[in-house]
Each structure stands twice: as C-alpha cells, then as structure tokens.
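Enquirer: I'm passing along structure.cif; it holds mmCIF, C-alpha atoms.
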```cif
data_my_file
#
loop_
_atom_site.group_PDB
_atom_site.id
_atom_site.type_symbol
_atom_site.label_atom_id
_atom_site.label_comp_id
_atom_site.auth_asym_id
_atom_site.auth_seq_id
_atom_site.Cartn_x
_atom_site.Cartn_y
_atom_site.Cartn_z
ATOM 1 C CA MET A 1 80.568 -73.072 231.900
ATOM 2 C CA LYS A 2 79.556 -74.110 228.390
ATOM 3 C CA ASN A 3 82.064 -71.759 226.777
ATOM 4 C CA SER A 4 84.845 -73.119 228.958
ATOM 5 C CA PHE A 5 83.986 -76.744 228.098
ATOM 6 C CA PHE A 6 83.747 -76.021 224.361
ATOM 7 C CA SER A 7 86.901 -73.915 224.491
ATOM 8 C CA LYS A 8 88.830 -76.763 226.154
ATOM 9 C CA PHE A 9 87.321 -79.279 223.714
ATOM 10 C CA ALA A 10 88.301 -77.142 220.738
ATOM 11 C CA LYS A 11 91.855 -76.677 222.054
ATOM 12 C CA LEU A 12 92.192 -80.397 222.723
ATOM 13 C CA SER A 13 90.877 -81.228 219.243
ATOM 14 C CA LEU A 14 93.333 -78.814 217.632
ATOM 15 C CA ALA A 15 96.204 -80.237 219.677
ATOM 16 C CA LEU A 16 95.307 -83.797 218.631
ATOM 17 C CA LEU A 17 95.032 -82.714 215.003
ATOM 18 C CA PHE A 18 98.451 -81.020 215.216
ATOM 19 C CA VAL A 19 100.068 -84.131 216.767
ATOM 20 C CA SER A 20 98.422 -86.360 214.135
ATOM 21 C CA CYS A 21 99.775 -84.176 211.331
ATOM 22 C CA ILE A 22 103.283 -84.250 212.774
ATOM 23 C CA ALA A 23 103.108 -88.023 213.198
ATOM 24 C CA PHE A 24 101.916 -88.429 209.591
ATOM 25 C CA VAL A 25 104.749 -86.309 208.200
ATOM 26 C CA ALA A 26 107.352 -87.909 210.472
ATOM 27 C CA CYS A 27 106.225 -91.433 209.579
ATOM 28 C CA LYS A 28 106.002 -90.805 205.850
ATOM 29 C CA PRO A 29 107.913 -93.612 204.126
ATOM 30 C CA GLU A 30 111.027 -93.020 202.071
ATOM 31 C CA PRO A 31 110.486 -92.769 198.314
ATOM 32 C CA GLU A 32 110.083 -96.187 196.757
ATOM 33 C CA ILE A 33 113.334 -97.833 195.825
ATOM 34 C CA ASP A 34 112.684 -100.725 193.482
ATOM 35 C CA ASN A 35 115.253 -103.067 195.025
ATOM 36 C CA PRO A 36 116.955 -101.372 197.987
ATOM 37 C CA LYS A 37 118.755 -104.471 199.264
ATOM 38 C CA SER A 38 120.451 -105.201 195.964
ATOM 39 C CA THR A 39 124.109 -104.471 195.626
ATOM 40 C CA PRO A 40 125.243 -103.212 192.246
ATOM 41 C CA ILE A 41 127.480 -105.704 190.478
ATOM 42 C CA GLU A 42 129.898 -105.457 187.583
ATOM 43 C CA ILE A 43 128.657 -106.429 184.167
ATOM 44 C CA THR A 44 130.281 -109.554 182.768
ATOM 45 C CA GLU A 45 131.132 -110.299 179.145
ATOM 46 C CA ASN A 46 128.319 -112.870 179.103
ATOM 47 C CA ASP A 47 125.624 -110.416 180.203
ATOM 48 C CA GLY A 48 122.768 -110.066 177.722
ATOM 49 C CA ILE A 49 122.773 -106.265 177.895
ATOM 50 C CA ILE A 50 126.204 -106.112 176.245
ATOM 51 C CA GLY A 51 126.068 -105.193 172.571
ATOM 52 C CA VAL A 52 125.308 -102.512 170.044
ATOM 53 C CA TRP A 53 121.624 -101.620 170.173
ATOM 54 C CA SER A 54 119.870 -99.337 167.684
ATOM 55 C CA CYS A 55 116.599 -98.074 166.309
ATOM 56 C CA THR A 56 115.941 -96.249 163.048
ATOM 57 C CA TYR A 57 113.077 -93.759 163.157
ATOM 58 C CA ASP A 58 110.780 -92.834 160.250
ATOM 59 C CA SER A 59 112.697 -89.546 159.935
ATOM 60 C CA GLY A 60 115.858 -91.534 159.201
ATOM 61 C CA TYR A 61 117.482 -90.702 162.551
ATOM 62 C CA VAL A 62 119.377 -93.660 163.987
ATOM 63 C CA GLU A 63 119.619 -93.965 167.781
ATOM 64 C CA THR A 64 122.500 -96.232 168.851
ATOM 65 C CA TYR A 65 123.761 -97.414 172.239
ATOM 66 C CA THR A 66 126.971 -99.386 172.691
ATOM 67 C CA ILE A 67 127.245 -101.269 175.973
ATOM 68 C CA THR A 68 130.377 -103.171 176.969
ATOM 69 C CA ALA A 69 131.347 -104.641 180.326
ATOM 70 C CA THR A 70 133.020 -101.325 181.215
ATOM 71 C CA THR A 71 131.478 -98.570 179.035
ATOM 72 C CA PHE A 72 128.134 -97.147 178.007
ATOM 73 C CA ASP A 73 127.973 -94.900 174.929
ATOM 74 C CA ALA A 74 124.804 -93.271 173.610
ATOM 75 C CA GLY A 75 126.517 -92.043 170.434
ATOM 76 C CA SER A 76 129.087 -89.382 169.626
ATOM 77 C CA TYR A 77 126.516 -86.581 169.965
ATOM 78 C CA SER A 78 125.209 -87.759 173.321
ATOM 79 C CA TYR A 79 126.314 -89.020 176.739
ATOM 80 C CA ALA A 80 128.774 -91.755 177.660
ATOM 81 C CA GLY A 81 130.202 -93.311 180.798
ATOM 82 C CA ASN A 82 132.408 -95.913 182.426
ATOM 83 C CA GLU A 83 132.692 -97.871 185.694
ATOM 84 C CA LEU A 84 129.446 -99.690 184.853
ATOM 85 C CA LYS A 85 127.480 -101.467 187.565
ATOM 86 C CA VAL A 86 124.102 -103.122 187.271
ATOM 87 C CA ILE A 87 121.216 -103.995 189.555
ATOM 88 C CA LYS A 88 118.903 -106.568 188.042
ATOM 89 C CA THR A 89 115.304 -106.239 189.191
ATOM 90 C CA SER A 90 114.163 -109.319 187.222
ATOM 91 C CA ASP A 91 115.527 -111.687 184.585
ATOM 92 C CA ASP A 92 114.850 -109.126 181.841
ATOM 93 C CA SER A 93 115.046 -105.729 183.570
ATOM 94 C CA GLY A 94 117.195 -103.580 185.813
ATOM 95 C CA TYR A 95 119.328 -100.472 186.093
ATOM 96 C CA ILE A 96 122.737 -99.702 184.619
ATOM 97 C CA TYR A 97 124.785 -97.190 186.635
ATOM 98 C CA PHE A 98 127.871 -95.427 185.345
ATOM 99 C CA LYS A 99 130.046 -92.359 185.767
ATOM 100 C CA PHE A 100 129.680 -89.816 183.005
ATOM 101 C CA THR A 101 132.714 -89.432 180.744
ATOM 102 C CA ARG A 102 130.691 -87.231 178.362
ATOM 103 C CA ALA A 103 127.596 -85.314 179.424
ATOM 104 C CA ALA A 104 125.329 -82.425 178.481
ATOM 105 C CA ASN A 105 126.385 -78.819 178.817
ATOM 106 C CA LYS A 106 123.828 -76.124 179.630
ATOM 107 C CA ASP A 107 123.371 -75.476 175.883
ATOM 108 C CA TRP A 108 122.612 -79.205 175.294
ATOM 109 C CA THR A 109 125.880 -79.854 173.497
ATOM 110 C CA TYR A 110 127.866 -82.778 174.870
ATOM 111 C CA SER A 111 131.484 -82.730 176.009
ATOM 112 C CA GLU A 112 134.055 -84.377 178.248
ATOM 113 C CA THR A 113 134.178 -81.189 180.359
ATOM 114 C CA ALA A 114 130.434 -80.816 181.087
ATOM 115 C CA PRO A 115 129.454 -80.242 184.747
ATOM 116 C CA ASP A 116 128.137 -83.812 185.233
ATOM 117 C CA VAL A 117 131.309 -85.547 184.006
ATOM 118 C CA GLY A 118 132.673 -87.765 186.783
ATOM 119 C CA LYS A 119 129.257 -88.057 188.446
ATOM 120 C CA TRP A 120 126.859 -91.027 188.531
ATOM 121 C CA TYR A 121 123.871 -91.583 186.243
ATOM 122 C CA ALA A 122 121.448 -94.430 185.529
ATOM 123 C CA VAL A 123 119.735 -96.056 182.582
ATOM 124 C CA SER A 124 116.782 -98.379 183.077
ATOM 125 C CA TYR A 125 116.366 -101.410 180.854
ATOM 126 C CA LYS A 126 113.458 -103.787 180.418
ATOM 127 C CA ASN A 127 112.164 -106.428 178.005
ATOM 128 C CA LEU A 128 115.694 -107.747 177.478
ATOM 129 C CA LYS A 129 115.781 -110.516 174.893
ATOM 130 C CA ALA A 130 118.626 -111.942 172.813
ATOM 131 C CA ASP A 131 117.867 -109.509 169.969
ATOM 132 C CA SER A 132 116.006 -106.582 171.585
ATOM 133 C CA ILE A 133 115.925 -104.299 174.610
ATOM 134 C CA SER A 134 114.058 -101.209 175.870
ATOM 135 C CA LEU A 135 116.286 -98.451 177.327
ATOM 136 C CA SER A 136 115.482 -95.214 179.145
ATOM 137 C CA GLY A 137 117.899 -92.646 180.540
ATOM 138 C CA ALA A 138 117.067 -91.122 183.922
ATOM 139 C CA TYR A 139 115.022 -87.962 183.437
ATOM 140 C CA LYS A 140 112.185 -86.184 185.166
ATOM 141 C CA SER A 141 111.207 -82.553 185.099
ATOM 142 C CA GLY A 142 112.907 -80.830 188.019
ATOM 143 C CA GLY A 143 114.867 -83.988 188.821
ATOM 144 C CA LYS A 144 118.578 -84.526 189.217
ATOM 145 C CA THR A 145 120.855 -85.030 186.220
ATOM 146 C CA SER A 146 123.536 -86.873 188.192
ATOM 147 C CA THR A 147 124.670 -87.719 191.718
ATOM 148 C CA ASP A 148 128.033 -87.660 193.483
ATOM 149 C CA THR A 149 127.957 -91.335 194.520
ATOM 150 C CA ILE A 150 126.540 -94.572 193.209
ATOM 151 C CA ASP A 151 124.549 -94.998 196.449
ATOM 152 C CA GLU A 152 122.828 -91.663 195.792
ATOM 153 C CA ALA A 153 122.142 -92.727 192.191
ATOM 154 C CA ILE A 154 120.563 -95.990 193.368
ATOM 155 C CA LYS A 155 118.235 -94.112 195.727
ATOM 156 C CA GLU A 156 117.407 -91.248 193.328
ATOM 157 C CA PHE A 157 117.100 -92.784 189.874
ATOM 158 C CA THR A 158 114.179 -95.182 190.180
ATOM 159 C CA ILE A 159 110.934 -95.719 188.354
ATOM 160 C CA GLY A 160 109.173 -95.205 191.692
ATOM 161 C CA ASN A 161 110.745 -91.737 191.980
ATOM 162 C CA GLY A 162 109.311 -90.686 188.600
ATOM 163 C CA TYR A 163 112.329 -91.247 186.365
ATOM 164 C CA PHE A 164 112.387 -93.382 183.186
ATOM 165 C CA GLY A 165 109.113 -92.356 181.572
ATOM 166 C CA THR A 166 110.093 -92.968 177.936
ATOM 167 C CA TYR A 167 111.826 -96.064 176.597
ATOM 168 C CA SER A 168 113.496 -96.567 173.231
ATOM 169 C CA GLU A 169 112.753 -99.913 171.593
ATOM 170 C CA LEU A 170 116.077 -101.166 170.214
ATOM 171 C CA LYS A 171 117.344 -104.143 168.203
ATOM 172 C CA LYS A 172 120.727 -105.794 168.630
ATOM 173 C CA GLN A 173 123.137 -105.214 165.766
#
```
Can you dump the structure from the file as structure tokens?

Expert:
Amino acid sequence: MKNSFFSKFAKLSLALLFVSCIAFVACKPEPEIDNPKSTPIEITENDGIIGVWSCTYDSGYVETYTITATTFDAGSYSYAGNELKVIKTSDDSGYIYFKFTRAANKDWTYSETAPDVGKWYAVSYKNLKADSISLSGAYKSGGKTSTDTIDEAIKEFTIGNGYFGTYSELKKQ
C-alpha cells in the first residue's frame, strides 16, 4: 500500500512539475521592446538629430556621422543608409532606422553590394543637445546585422534585447 501511495504521489508531483514548466515557457514574455506602440516617423528638417557629428580620438582618428532628413552616413569607409525613420523614446533619445545603401562585407570592407544593402538597420541615440549627441549602431555578439522589414528592426534592435552597448560621444560641427 505504501509503495502505491508514494508511487502515485511521485507521479502526480512530476506531472505537476511538467505542467508548471510548460506554463512558464509558454507564458514567457516577449523580449522587451522599449516603445512598442510607437510608430516610426520621418525625420524633419527641424529635428535636432540632423547635422554633422564628429569626435576626434587621441590617436587622431576622426569619427564622423552625417544625418539629414533622408540619409545617414557613417563616413566613406563605413555604413550608410536612406529612408530614415525615427522613434523617439524621450525628448533626448530614440532610435533611427534606415535601409542600408552601403554595408559591411564579410571581410569588413564596405560596399554598395554587401549582403545587407537594402535591409533595415538601427542606430540608438541619447543625450541629444543642440551641440552634442551619443550614437550607437546596433550590435551584439551573435545578433542580427539587419532585418528585412522596419517592423522586424523595431522589434530586434533594442537596448532591452542587448544591442547598443557602446556609444560614441560626438559634437555638432
């Protein structure tokens, strides 16, 4: 009798544990999206993120980003894009989305024929002021380098998903 009771109890406990595990996995929330209800909007000529932004490092290397209402260019030896859209997450931060017109090849050279050209990418900005901004391109180890649609880019390229770990501190030129 005792073995039967303990056997049934053990089976019931295992079954409840199994159901609890399935419920936990099934109810796991989607990855955090910083502002999922926001709709990306076009950048206007009056937007504070428009401009030429740069930083000169101690080594003498100059990092420059040119942002217009329709284009994003990280310099002739780096990536660029068009069809810009923005989602503002606060008065001084947000995400800039664009389609690559120049992207990285497998050998880390950049060209207009790289595999990601024509696909969507994101840059995070924060600390936007009249004369300064912090920018970070979407990157995480093992992460995506682009997406087929802007909706996918909005869901994938977020701080909550582990992208945008390093920001460049830039001044307006």

Enquirer: Just the number, please: distance in Å from CA of Val117 (chain A) to CA of Val62 (chain A), one decimal.

Expert: 24.7 Å

Enquirer: Using the chain letters and numbers from the file, which residues does the PyMOL selection byres ((chain A and resi 49-58) around 8) grab, as an mmCIF file with C-alpha atoms, in the frame of the given file?

Expert:
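Final file, out30.cif:
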```cif
data_model
loop_
_atom_site.group_PDB
_atom_site.id
_atom_site.type_symbol
_atom_site.label_atom_id
_atom_site.label_comp_id
_atom_site.auth_asym_id
_atom_site.auth_seq_id
_atom_site.Cartn_x
_atom_site.Cartn_y
_atom_site.Cartn_z
ATOM 1 C CA GLU A 45 131.132 -110.299 179.145
ATOM 2 C CA ASN A 46 128.319 -112.870 179.103
ATOM 3 C CA ASP A 47 125.624 -110.416 180.203
ATOM 4 C CA GLY A 48 122.768 -110.066 177.722
ATOM 5 C CA SER A 59 112.697 -89.546 159.935
ATOM 6 C CA GLY A 60 115.858 -91.534 159.201
ATOM 7 C CA TYR A 61 117.482 -90.702 162.551
ATOM 8 C CA VAL A 62 119.377 -93.660 163.987
ATOM 9 C CA GLU A 63 119.619 -93.965 167.781
ATOM 10 C CA THR A 64 122.500 -96.232 168.851
ATOM 11 C CA TYR A 65 123.761 -97.414 172.239
ATOM 12 C CA THR A 66 126.971 -99.386 172.691
ATOM 13 C CA ILE A 67 127.245 -101.269 175.973
ATOM 14 C CA THR A 68 130.377 -103.171 176.969
ATOM 15 C CA ALA A 69 131.347 -104.641 180.326
ATOM 16 C CA LEU A 128 115.694 -107.747 177.478
ATOM 17 C CA SER A 132 116.006 -106.582 171.585
ATOM 18 C CA ILE A 133 115.925 -104.299 174.610
ATOM 19 C CA SER A 168 113.496 -96.567 173.231
ATOM 20 C CA GLU A 169 112.753 -99.913 171.593
ATOM 21 C CA LEU A 170 116.077 -101.166 170.214
ATOM 22 C CA LYS A 171 117.344 -104.143 168.203
ATOM 23 C CA LYS A 172 120.727 -105.794 168.630
ATOM 24 C CA GLN A 173 123.137 -105.214 165.766
#
```

Enquirer: Starting from the PyMOL selection byres ((chain A and resi 122) around 12), expand the selection into actual residues of this file and give them as a count of residues only.

Expert: 46

Enquirer: Report as a ChimeraX atom specification the residues that result from applying the PyMOL selection byres ((chain A and resi 103) around 8) to the structure here.

Expert: /A:78-80,100-102,104-105,110-117

Enquirer: Enclose the full set of atoms of region 49-62 of chain A listed in the file within a box whose edges lie along x, y and z, apply 8 Å of padding to each of the six sides, and report centre and edge lengths in Å to one decimal as AutoDock Vina command-line options.

Expert:
```
--center_x 118.5 --center_y -97.9 --center_z 168.5 --size_x 31.4 --size_y 32.7 --size_z 34.7
```

Enquirer: Let me make sure I understand: among A:Ser38, A:Ile43, A:Ser134, A:Ala74, which one has the smallest atom-to-atom distance to Ser93 (chain A) if we use all atoms listed in the file?

Expert: A:Ser134

Enquirer: Could you jot down the CA of Gly160 (chain A) to CA of Gly143 (chain A) separation for me, Å, one decimal place?

Expert: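 Separation of CA of Gly160 (chain A) and CA of Gly143 (chain A): 12.9 Å.
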
Enquirer: Would you mind reading off the distance between CA of Thr89 (chain A) and CA of Asp73 (chain A), one decimal, in Å?

Expert: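 For CA of Thr89 (chain A) relative to CA of Asp73 (chain A), the distance reads 22.2 Å.
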